Structures are given as C-alpha cells and as structure tokens.
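Colleague: Mind having a look at this structure? Questions to follow.
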Amino acid sequence: MAKTSLDAQEVRQRLDRLSAVDEHMARRYPGVGAGRQPVHTCYVPAHAVAAGTLLRWSDDALAAFGAHLSTSDELAAVLGMDGDVAAGVHPRVREKLSGAAVEDLRIDFEDGYGAPGDEAEDDDAERTAGVVADWLRDGVQPSWFGLRVKSFDTSELRGRSVRTLDVFLTSLLQQWGSLPDGFVLTFPKVVDVAQVEVFVQLLELLEQQLGLAEGALRFEIQVETTQSIVDSSGRFALPRFIEAGAGRVTGLHFGTYDYTASCGLTAAHQHLAHRACDFARHAMQVSAAGTGIFLSDGSTNVLPVGDQVRHGWRTHYDLVRRSLAHGFYQSWDLHPAQLVSRYAAVFAEFREAAPAQGERLAAYASARGGAVLDEPATARALAASFVRALANGATDAAEAEAMTGLDESNLRQLARM
C-alpha cells in the first residue's frame with residue numbers, strides 16, 4: 001500500500017465541512033428543468049383581450065406571411081437568409097402559423113394597459129378571466145399564459161396590482177375550478193428585494209384564501225431598472241431577488257425601453273442591441289445559470305406594419321437572431337406580424353447550425369472523436385439545441401436522428417446528463 005503523510009481522519013474532518021456547500025448547490029442550482037421554454041411571450045393589453053384574440057394573431061400573421069413571403073426565395077431576400085436554409089424554414093413557418101402560433105400570452109394590466117380607473121380595471125379583470133375560462137373549455141389556450149400585473153412603484157399601484165390579481169383569480173377559479181397548467185404571473189419594475197418578499201407573501205395569502213396548493217402561484221421578474229442589476233449597496237441584486245422568490249420564480253424577463261431609459265439613454269439609442277442591454281443580460285445569465293430559471297429578452301417597437309412590413313421584419317429577425325446567439329431563447333412579441341419573423345429566426349438559427357452540430361453530436365455519442373473534441377458540457381448543449389428544435393417545430397424526430405444518429409429519447413437523455 002502507498003504511504004501517505006496526512007491522517008485520514010483529519011482529512012475527513014476538513015472535507016466534511018463541504019457537505020453544507022453540496023447541499024446549498026443542489027438546492028440553489030438544480031440545473032435545467034424537464035419542461036420546455038416557450039420561444040416568445042406575446043403581450044396583449046387587457047382591454048384588447050377577447051375570445052378571438054388567439055385566432056386573430058394566428059390569422060393576421062398568416063395573412064402577412066402569404067401576402068409578402070409566399071415563396072422561400074422571398075423569405076431569403078427579405079430576411080437575408082441563405083436560400084437553402086430558407087427552403088427548409090419556409091414551410092415550417094407556414095405550418096407553425098397555421099396551428100398554435102401563440103406559445104405564451106400575457107394579459108397586460110401594466111404599461112400596455114394604463115390606468116382607466118378602478119371600475120374599468122375590475123371589469124377587465126373579471127372579463128378576461130371569463131375569456132381564459134372559455135379558452136380552457138374549448139381547449140384553445142396557449143401552453144403558457146397569465147397576467148402582467150402593475151408594478152409596486154407606488155402605494156396606489158401596489159393596491160391596484162393586488163386587487164386586479166385577486167379579482168382575476170377569484171373569477172377564474174369560480175368559473176374553471178382550478179389553477180390551469182402553464183399559468184404564470186409577470187412582476188414588473190422590481191427595484192428592491194423587499195418588493196419580491198411582499199409579493200411572495202401576498203401570493204401565499206391568495207393561495208390560502210383560494211384553496212390553492214402552496215407554491216402554485218409562480219412568477220417572472222422583469223428586469224427593467226438599473227436597481228434590479230446592482231442594488232443601492234453595490235451588490236448584484238438578482239441573486240437576492242431569486243432567493244426571496246422562495247422557489248416561485250420561473251423566469252427573468254428583460255425590459256428594453258424602461259431599462260435603457262433608466263440608464264439615461266435617449267430615445268434614439270433605446271434598442272435591444274445597445275451595449276447597456278448586453279451588460280444587463282450578462283448579469284441575468286450569471287445570476288440564473290444552473291437554477292432552472294428561464295431567461296427572456298425584451299422587445300422591439302419597430303413593428304412590421306403598413307409600408308414598413310419588410311423593414312419591421314428584418315429588424316425583428318436580426319434582433320431575435322442576436323438574442324439567440326447570446327443564449328436568450330425567448331423574447332417578447334408585441335404584434336401578430338412579428339410571429340412571422342419570430343419563427344423564421346428561431347428555425348433559421350437552428351437549421352443553419354444543425355448539420356455541423358449533428359456531426360459533432362454523432363461523433364461524441366459514438367466516442368469516435370472528430371475534428372472538434374467536445375466536452376460533456378458541450379455535448380449537453382448540442383443535444384439541448386436539438387431538443388428545443390423538436391419542441392418548437394424547427395425539425396422533426398426523423399430529421400434529427402438522420403443528423404445525429406440518436407433518436408428523440410436518447411437526445412433528451414443526453415441533454416439532461
């Protein structure tokens with residue numbers, strides 16, 4: 001037996017101290033969850049939400065697609081896409097727009113809604129709850145949906161925010177009987193950890209009063225202020241926000257225009273590609289990495305409408321591609337026609353990289369090596385790219401297996417390893 005100099009018991013005593021670190025890391029950083037992430041969130045002002053909203057978004061997007069991008073050559077020309085890639089993307093975009101085009105919808109009671117008065121907001125909270133109940137009965141609801149409530153900026157907004165949520169949930173549960181799957185709240189303009197703590201306490205009260213399971217009400221935090229990145233003490237704020245969320249935080253959503261305004265940027269420089277936004281997004285990434293919390297980028301207010309349809313599409317397409325390149329697989333859509341450039345960008349991002357990624361993944365899985373020697377973490381990322389693409393419609397199981405040599409179950413298993 002080899003000789004050693006250290007006493008084994010003394011070594012164990014010192015190493016045992018690290019068990020607390022192991023427990024903390026396992027609790028705080030559980031890794032990517034089993035559920036998939038939507039590619040977008042559509043924001044619709046509460047007063048505009050109606051029974052036909054989902055169908056209208058799909059129909060309007062499909063009409064714009066047919067009017068301006070009837071062929072793959074037109075798609076390539078308008079969006080600056082490679083012709084071969086466009087040939088694979090074009091039919092898939094049409095198929096997606098013809099089906100469940102809206103993956104995630106937020107009924108907006110904040111900036112997009114305004115302050116019409118208490119009576120009007122009560123009425124809209126009850127009415128939109130009825131709309132959601134009808135969607136559920138008809139089986140047409142998006143996979144994810146919920147409310148963006150007002151912020152806790154002032155005492156008036158706080159009270160109104162809580163009342164709107166109370167009215168909506170009370171009415172929805174009276175009509176549907178349970179909290180629907182995929183329901184999520186959006187909590188905007190957070191500037192202090194105390195706001196998150198109080199929001200969680202109010203959600204607990206609602207669960208108790210409405211007979212919901214503990215932790216049933218979950219929410220996204222909107223990162224729209226400089227104080228949500230660095231707090232007044234000079235510390236990174238988001239890790240504390242996440243901790244205060246007590247396991248309820250599902251996502252961090254970036255708010256382009258409020259954030260850039262809070263940085264003092266003029267209107268001409270308030271856009272997603274500004275480097276001030278990059279700083280905020282990087283802070284979001286390092287705060288959420290390994291937690292299972294999804295990241296979402298913000299929006300562009302350059303809309304594909306009127307005589308600016310093609311310019312709006314190209315602007316949106318380029319920004320979505322930029323978000324994807326930075327590891328943000330979800331962002332906001334504000335207009336039905338943006339669904340066209342949304343899915344074109346998401347599908348093109350995958351299909352441009354898929355052949356090379358598939359070859360690397362096949363080489364890793366077969367342990368034969370290749371021109372690129374990938375680490376296990378990179379292999380997981382490669383597999384995760386195919387799993388996302390299978391979920392959002394950018395590819396199908398047969399095509400993915402042809403490129404990787406792995407069937408869907410093996411791809412999913414590798415993505416979770």
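How things are named: the first chain in the structure tokens is A, the next is B, and so on; residues count from 1 in each chain; ligands count from 1 in the order shown.
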I'd like the neighbourhood of region 272-289 of chain A as a ChimeraX atom specification, where a residue qualifies if any of its atoms comes within 9 Å (using only C-alpha atoms), though same-chain residues fewer than 6 positions away should be ignored.

Modeller: /A:29,31-32,223,226,229,236-239,242,251-254,256-257,259-260,263,295,297-300,319,322-323,326-328

Colleague: Residues near Leu339 (chain A), anyone? I mean within 10 Å using only C-alpha atoms, not counting same-chain ones fewer than 5 positions away, as a ChimeraX atom specification.

Modeller: /A:40,42,57-58,60-62,64-65,93,96-97,101-102,313,316-317,333-334,344-345

Colleague: Restricting the output to C-alpha atoms, write the selected residues as a compact mmCIF listing (two decimals), in the first residue's frame.

Modeller:
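To be explicit, this is the file written out as selection_19.txt:
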```txt
# COMPACT_ATOMS: atom_id res chain seq x y z
CA HIS A 40 -41.69 34.07 -27.04
CA CYS A 42 -46.94 37.86 -26.59
CA TRP A 57 -52.97 36.65 -34.00
CA SER A 58 -52.57 33.45 -35.99
CA ASP A 60 -53.08 38.07 -39.09
CA ALA A 61 -49.60 36.55 -39.05
CA LEU A 62 -50.51 34.00 -41.70
CA ALA A 64 -48.97 38.86 -43.71
CA PHE A 65 -46.80 35.84 -44.45
CA VAL A 93 -43.12 28.80 -40.59
CA LYS A 96 -46.47 26.92 -37.23
CA LEU A 97 -48.58 29.98 -38.06
CA ALA A 101 -48.92 30.22 -33.33
CA VAL A 102 -49.01 31.84 -29.87
CA TRP A 313 -39.50 42.01 -40.19
CA HIS A 316 -37.10 41.93 -35.61
CA TYR A 317 -35.43 38.96 -37.33
CA ASP A 333 -43.61 39.87 -29.38
CA LEU A 334 -45.94 42.87 -29.48
CA ALA A 344 -38.24 32.41 -39.25
CA ALA A 345 -35.40 33.48 -36.94
```

Colleague: Excluding Leu210 (chain A) and its own-chain neighbours fewer than 2 positions away, which residues fall within 12 Å of it when counting only C-alpha atoms? Please give them as a list in words.

Modeller: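 So, after excluding close chain neighbours, the residues are Asp166, Val167, Phe168, Leu169, Thr170, Ser171, Leu172, Leu173, Gln174, Gly177, Ser178, Leu179, Leu203, Glu204, Leu205, Leu206, Glu207, Gln208, Leu212, Ala213, Glu214, Ala216 and Leu217 of chain A.
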
Colleague: Restrict the selected residues to N, CA, C and O atoms and save them as a JSON list (two decimals), in the first residue's frame.

Modeller:
```
[["chain", "number", "residue", "atom", "x", "y", "z"],
["A", 166, "ASP", "N", -56.32, 39.61, -7.53],
["A", 166, "ASP", "CA", -57.34, 38.97, -6.70],
["A", 166, "ASP", "C", -58.64, 38.78, -7.48],
["A", 166, "ASP", "O", -59.23, 37.69, -7.49],
["A", 167, "VAL", "N", -59.09, 39.84, -8.15],
["A", 167, "VAL", "CA", -60.34, 39.77, -8.92],
["A", 167, "VAL", "C", -60.22, 38.72, -10.02],
["A", 167, "VAL", "O", -61.11, 37.89, -10.23],
["A", 168, "PHE", "N", -59.10, 38.74, -10.74],
["A", 168, "PHE", "CA", -58.92, 37.80, -11.85],
["A", 168, "PHE", "C", -58.92, 36.35, -11.35],
["A", 168, "PHE", "O", -59.65, 35.50, -11.89],
["A", 169, "LEU", "N", -58.11, 36.06, -10.35],
["A", 169, "LEU", "CA", -58.01, 34.68, -9.87],
["A", 169, "LEU", "C", -59.31, 34.20, -9.24],
["A", 169, "LEU", "O", -59.73, 33.05, -9.45],
["A", 170, "THR", "N", -59.97, 35.07, -8.47],
["A", 170, "THR", "CA", -61.24, 34.68, -7.85],
["A", 170, "THR", "C", -62.25, 34.32, -8.92],
["A", 170, "THR", "O", -62.95, 33.29, -8.83],
["A", 171, "SER", "N", -62.33, 35.14, -9.97],
["A", 171, "SER", "CA", -63.28, 34.89, -11.04],
["A", 171, "SER", "C", -62.91, 33.65, -11.85],
["A", 171, "SER", "O", -63.77, 32.82, -12.17],
["A", 172, "LEU", "N", -61.63, 33.49, -12.16],
["A", 172, "LEU", "CA", -61.20, 32.33, -12.94],
["A", 172, "LEU", "C", -61.48, 31.03, -12.21],
["A", 172, "LEU", "O", -61.98, 30.05, -12.80],
["A", 173, "LEU", "N", -61.18, 30.99, -10.91],
["A", 173, "LEU", "CA", -61.38, 29.77, -10.15],
["A", 173, "LEU", "C", -62.87, 29.47, -9.96],
["A", 173, "LEU", "O", -63.28, 28.30, -9.90],
["A", 174, "GLN", "N", -63.70, 30.50, -9.87],
["A", 174, "GLN", "CA", -65.14, 30.29, -9.80],
["A", 174, "GLN", "C", -65.65, 29.64, -11.08],
["A", 174, "GLN", "O", -66.55, 28.80, -11.05],
["A", 177, "GLY", "N", -62.51, 26.30, -11.68],
["A", 177, "GLY", "CA", -62.41, 25.38, -10.55],
["A", 177, "GLY", "C", -61.01, 25.05, -10.10],
["A", 177, "GLY", "O", -60.83, 24.53, -9.00],
["A", 178, "SER", "N", -60.01, 25.32, -10.91],
["A", 178, "SER", "CA", -58.64, 25.02, -10.52],
["A", 178, "SER", "C", -57.71, 25.96, -11.27],
["A", 178, "SER", "O", -58.11, 26.60, -12.24],
["A", 179, "LEU", "N", -56.48, 26.04, -10.80],
["A", 179, "LEU", "CA", -55.49, 26.87, -11.49],
["A", 179, "LEU", "C", -54.99, 26.11, -12.70],
["A", 179, "LEU", "O", -54.49, 25.00, -12.59],
["A", 203, "LEU", "N", -48.93, 36.33, -2.51],
["A", 203, "LEU", "CA", -49.28, 35.11, -3.24],
["A", 203, "LEU", "C", -49.64, 33.98, -2.27],
["A", 203, "LEU", "O", -50.56, 33.19, -2.53],
["A", 204, "GLU", "N", -48.92, 33.91, -1.17],
["A", 204, "GLU", "CA", -49.25, 32.91, -0.14],
["A", 204, "GLU", "C", -50.65, 33.13, 0.41],
["A", 204, "GLU", "O", -51.43, 32.17, 0.61],
["A", 205, "LEU", "N", -51.01, 34.39, 0.67],
["A", 205, "LEU", "CA", -52.35, 34.70, 1.17],
["A", 205, "LEU", "C", -53.42, 34.31, 0.15],
["A", 205, "LEU", "O", -54.46, 33.74, 0.51],
["A", 206, "LEU", "N", -53.16, 34.61, -1.11],
["A", 206, "LEU", "CA", -54.13, 34.24, -2.15],
["A", 206, "LEU", "C", -54.30, 32.73, -2.22],
["A", 206, "LEU", "O", -55.42, 32.22, -2.35],
["A", 207, "GLU", "N", -53.21, 31.99, -2.14],
["A", 207, "GLU", "CA", -53.30, 30.53, -2.17],
["A", 207, "GLU", "C", -54.13, 30.02, -1.01],
["A", 207, "GLU", "O", -54.98, 29.11, -1.18],
["A", 208, "GLN", "N", -53.93, 30.58, 0.16],
["A", 208, "GLN", "CA", -54.70, 30.15, 1.33],
["A", 208, "GLN", "C", -56.18, 30.46, 1.17],
["A", 208, "GLN", "O", -57.05, 29.62, 1.47],
["A", 212, "LEU", "N", -55.65, 27.03, -3.02],
["A", 212, "LEU", "CA", -54.62, 26.56, -3.94],
["A", 212, "LEU", "C", -53.48, 25.91, -3.16],
["A", 212, "LEU", "O", -53.23, 26.23, -2.00],
["A", 213, "ALA", "N", -52.77, 25.04, -3.83],
["A", 213, "ALA", "CA", -51.62, 24.40, -3.21],
["A", 213, "ALA", "C", -50.52, 25.43, -2.95],
["A", 213, "ALA", "O", -50.38, 26.41, -3.70],
["A", 214, "GLU", "N", -49.76, 25.22, -1.90],
["A", 214, "GLU", "CA", -48.66, 26.12, -1.59],
["A", 214, "GLU", "C", -47.65, 26.12, -2.74],
["A", 214, "GLU", "O", -47.23, 25.07, -3.22],
["A", 216, "ALA", "N", -48.29, 27.28, -5.74],
["A", 216, "ALA", "CA", -48.95, 27.15, -7.04],
["A", 216, "ALA", "C", -48.80, 28.41, -7.89],
["A", 216, "ALA", "O", -48.72, 28.32, -9.12],
["A", 217, "LEU", "N", -48.80, 29.56, -7.25],
["A", 217, "LEU", "CA", -48.69, 30.83, -7.98],
["A", 217, "LEU", "C", -47.22, 31.17, -8.17],
["A", 217, "LEU", "O", -46.49, 31.44, -7.22]]
```

Colleague: What residues in region 87-284 of chain A get the DSSP label strand (DSSP E)? Please answer as a list in words.

Modeller: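 Filtering region 87-284 of chain A down to strand (DSSP E) leaves Asp104, Leu105, Arg106, Ile107, Asp108, Trp144, Phe145, Gly146, Leu147, Arg148, Phe183, Val184, Leu185, Thr186, Phe187, Phe219, Glu220, Ile221, Gln222, Val223, Val249, Thr250, Gly251, Leu252, His253 and Phe254 of chain A.
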
Colleague: Put those residues in a file: C-alpha atoms, as a PDB file, in the first residue's frame.

Modeller:
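What follows is the written file selection.pdb:
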```
ATOM      1  CA  ASP A 104     -47.122  32.168 -24.435  1.00  0.00           C
ATOM      2  CA  LEU A 105     -49.514  35.074 -23.841  1.00  0.00           C
ATOM      3  CA  ARG A 106     -49.551  37.660 -21.115  1.00  0.00           C
ATOM      4  CA  ILE A 107     -52.698  39.677 -20.422  1.00  0.00           C
ATOM      5  CA  ASP A 108     -51.166  43.056 -19.721  1.00  0.00           C
ATOM      6  CA  TRP A 144     -48.335  29.223 -21.185  1.00  0.00           C
ATOM      7  CA  PHE A 145     -50.390  32.272 -20.262  1.00  0.00           C
ATOM      8  CA  GLY A 146     -51.058  34.626 -17.409  1.00  0.00           C
ATOM      9  CA  LEU A 147     -51.106  38.231 -16.226  1.00  0.00           C
ATOM     10  CA  ARG A 148     -48.648  41.064 -16.049  1.00  0.00           C
ATOM     11  CA  PHE A 183     -50.346  29.827 -15.627  1.00  0.00           C
ATOM     12  CA  VAL A 184     -47.652  32.375 -14.703  1.00  0.00           C
ATOM     13  CA  LEU A 185     -47.544  35.947 -13.451  1.00  0.00           C
ATOM     14  CA  THR A 186     -45.208  38.735 -14.502  1.00  0.00           C
ATOM     15  CA  PHE A 187     -43.933  41.091 -11.806  1.00  0.00           C
ATOM     16  CA  PHE A 219     -43.964  34.442 -11.443  1.00  0.00           C
ATOM     17  CA  GLU A 220     -41.368  36.017 -13.690  1.00  0.00           C
ATOM     18  CA  ILE A 221     -39.348  39.020 -12.583  1.00  0.00           C
ATOM     19  CA  GLN A 222     -38.998  41.770 -15.159  1.00  0.00           C
ATOM     20  CA  VAL A 223     -35.529  43.289 -15.233  1.00  0.00           C
ATOM     21  CA  VAL A 249     -39.516  32.487  -9.778  1.00  0.00           C
ATOM     22  CA  THR A 250     -39.790  30.862 -13.206  1.00  0.00           C
ATOM     23  CA  GLY A 251     -38.053  33.457 -15.345  1.00  0.00           C
ATOM     24  CA  LEU A 252     -36.164  36.718 -15.672  1.00  0.00           C
ATOM     25  CA  HIS A 253     -37.566  38.912 -18.453  1.00  0.00           C
ATOM     26  CA  PHE A 254     -35.636  41.873 -19.787  1.00  0.00           C
TER      27      PHE A 254
END
```

Colleague: With a distance cut-off of 9 Å and only C-alpha atoms, select the neighbouring residues of region 156-163 of chain A, excluding the residue or stretch itself and same-chain residues fewer than 2 positions from it, and output the selection as a ChimeraX atom specification.

Modeller: /A:109-110,118,121-122,149-154,165-168,199,202

Colleague: With C-alpha atoms retained, export the selected residues as a compact mmCIF listing (two decimals), in the first residue's frame.

Modeller:
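Saved to out.txt:
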```txt
# COMPACT_ATOMS: atom_id res chain seq x y z
CA PHE A 109 -52.51 45.25 -16.93
CA GLU A 110 -49.35 47.36 -16.77
CA ASP A 118 -60.83 51.12 -10.69
CA GLU A 121 -59.97 47.61 -14.38
CA ASP A 122 -62.19 45.46 -12.16
CA VAL A 149 -49.82 43.00 -13.01
CA LYS A 150 -48.97 46.58 -12.19
CA SER A 151 -45.66 47.29 -10.51
CA PHE A 152 -45.16 48.07 -6.81
CA ASP A 153 -43.69 51.50 -7.63
CA THR A 154 -46.20 53.49 -5.57
CA LEU A 165 -54.81 39.81 -9.43
CA ASP A 166 -57.34 38.97 -6.70
CA VAL A 167 -60.34 39.77 -8.92
CA PHE A 168 -58.92 37.80 -11.85
CA PHE A 199 -45.23 39.83 -3.47
CA LEU A 202 -49.39 38.13 -0.96
```

Colleague: May I have the residues within 10 Å of Glu243 (chain A) as number ranges by chain, using only C-alpha atoms and disregarding those fewer than 5 positions away in the same chain?

Modeller: A: 28, 193, 196-197, 238, 248-249

Colleague: Keeping C-alpha atoms, export the residues of the selection given above as a PDB file, in the first residue's frame.

Modeller:
```pdb
ATOM      1  CA  ARG A  28     -29.921  26.602  -5.428  1.00  0.00           C
ATOM      2  CA  VAL A 193     -35.730  42.698  -2.716  1.00  0.00           C
ATOM      3  CA  VAL A 196     -40.278  40.418  -4.084  1.00  0.00           C
ATOM      4  CA  GLU A 197     -40.662  39.343  -0.462  1.00  0.00           C
ATOM      5  CA  LEU A 238     -30.862  39.366  -8.977  1.00  0.00           C
ATOM      6  CA  ARG A 248     -41.655  30.636  -7.224  1.00  0.00           C
ATOM      7  CA  VAL A 249     -39.516  32.487  -9.778  1.00  0.00           C
TER       8      VAL A 249
END
```

Colleague: Can you check which residues of region 14-115 of chain A DSSP gives as alpha helix (DSSP H) on the backbone and send them as a ChimeraX atom specification?

Modeller: /A:14-16,19-28,53-68,72-79,83-98

Colleague: Would you work out the distance separating CA of Arg218 (chain A) from CA of Glu103 (chain A), expressed in Å to one decimal?

Modeller: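 According to the coordinates, CA of Arg218 (chain A) and CA of Glu103 (chain A) are separated by 17.8 Å.
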
Colleague: Tell me, in Å to one decimal, how far CA of Ala50 (chain A) is from CA of Ala133 (chain A).

Modeller: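 Between these atoms lies a distance of 11.5 Å.
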
Colleague: Write out as a list of chain:residue names each polymer residue whose atoms come within 8 Å of Ser72 (chain A), counting only C-alpha atoms; drop sequence neighbours fewer than 3 positions from it.

Modeller: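 Near neighbours after the sequence-gap exclusion: A:Leu69, A:Leu75, A:Ala76, A:Gly83, A:Ala86, A:Ala87, A:Val89, A:His90.
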
Colleague: Store the residues picked out above in a file with N, CA and C atoms, as a compact mmCIF listing (two decimals), in the first residue's frame.

Modeller:
```
# COMPACT_ATOMS: atom_id res chain seq x y z
N LEU A 69 -44.45 36.93 -48.33
CA LEU A 69 -43.42 35.89 -48.32
C LEU A 69 -43.99 34.58 -48.83
N LEU A 75 -38.64 34.90 -48.82
CA LEU A 75 -38.20 34.84 -47.42
C LEU A 75 -36.70 35.10 -47.32
N ALA A 76 -35.92 34.47 -48.20
CA ALA A 76 -34.48 34.65 -48.19
C ALA A 76 -34.11 36.09 -48.50
N GLY A 83 -30.46 30.73 -49.18
CA GLY A 83 -31.56 30.15 -49.94
C GLY A 83 -31.90 28.73 -49.54
N ALA A 86 -33.61 28.88 -46.22
CA ALA A 86 -34.96 29.41 -46.39
C ALA A 86 -35.91 28.35 -46.93
N ALA A 87 -35.41 27.48 -47.79
CA ALA A 87 -36.26 26.42 -48.36
C ALA A 87 -36.75 25.47 -47.28
N VAL A 89 -36.96 26.45 -43.98
CA VAL A 89 -37.67 27.25 -42.98
C VAL A 89 -39.08 27.60 -43.44
N HIS A 90 -39.23 27.95 -44.72
CA HIS A 90 -40.50 28.49 -45.23
C HIS A 90 -41.72 27.62 -44.91
```

Colleague: Using only C-alpha atoms, find the one residue out of A:Leu406, A:Ala397, A:Ala389, A:Ala337 that sits nearest to Gly306 (chain A).

Modeller: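 Of all the options, A:Ala337 lies closest to Gly306 (chain A).
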
Colleague: When you count only C-alpha atoms, which of these residues is closest to Ala381 (chain A): A:Leu414, A:Glu401, A:His269, A:Gly182?

Modeller: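 Ranking A:Leu414, A:Glu401, A:His269, A:Gly182 by distance to Ala381 (chain A), first place goes to A:Leu414.
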
Colleague: List as an NGL selection string the protein and nucleic acid residues near Asn410 (chain A), meaning an atom at most 12 Å away when only C-alpha atoms are counted, but skip any in the same chain fewer than 5 places from it.

Modeller: :A and (361-362 or 365 or 380 or 383-384 or 386-387 or 397 or 400-401 or 404-405 or 415-417)

Colleague: Just the number, please: distance in Å from CA of Val85 (chain A) to CA of Ala354 (chain A), one decimal.

Modeller: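 So the two atoms, CA of Val85 (chain A) and CA of Ala354 (chain A), lie 10.6 Å apart.
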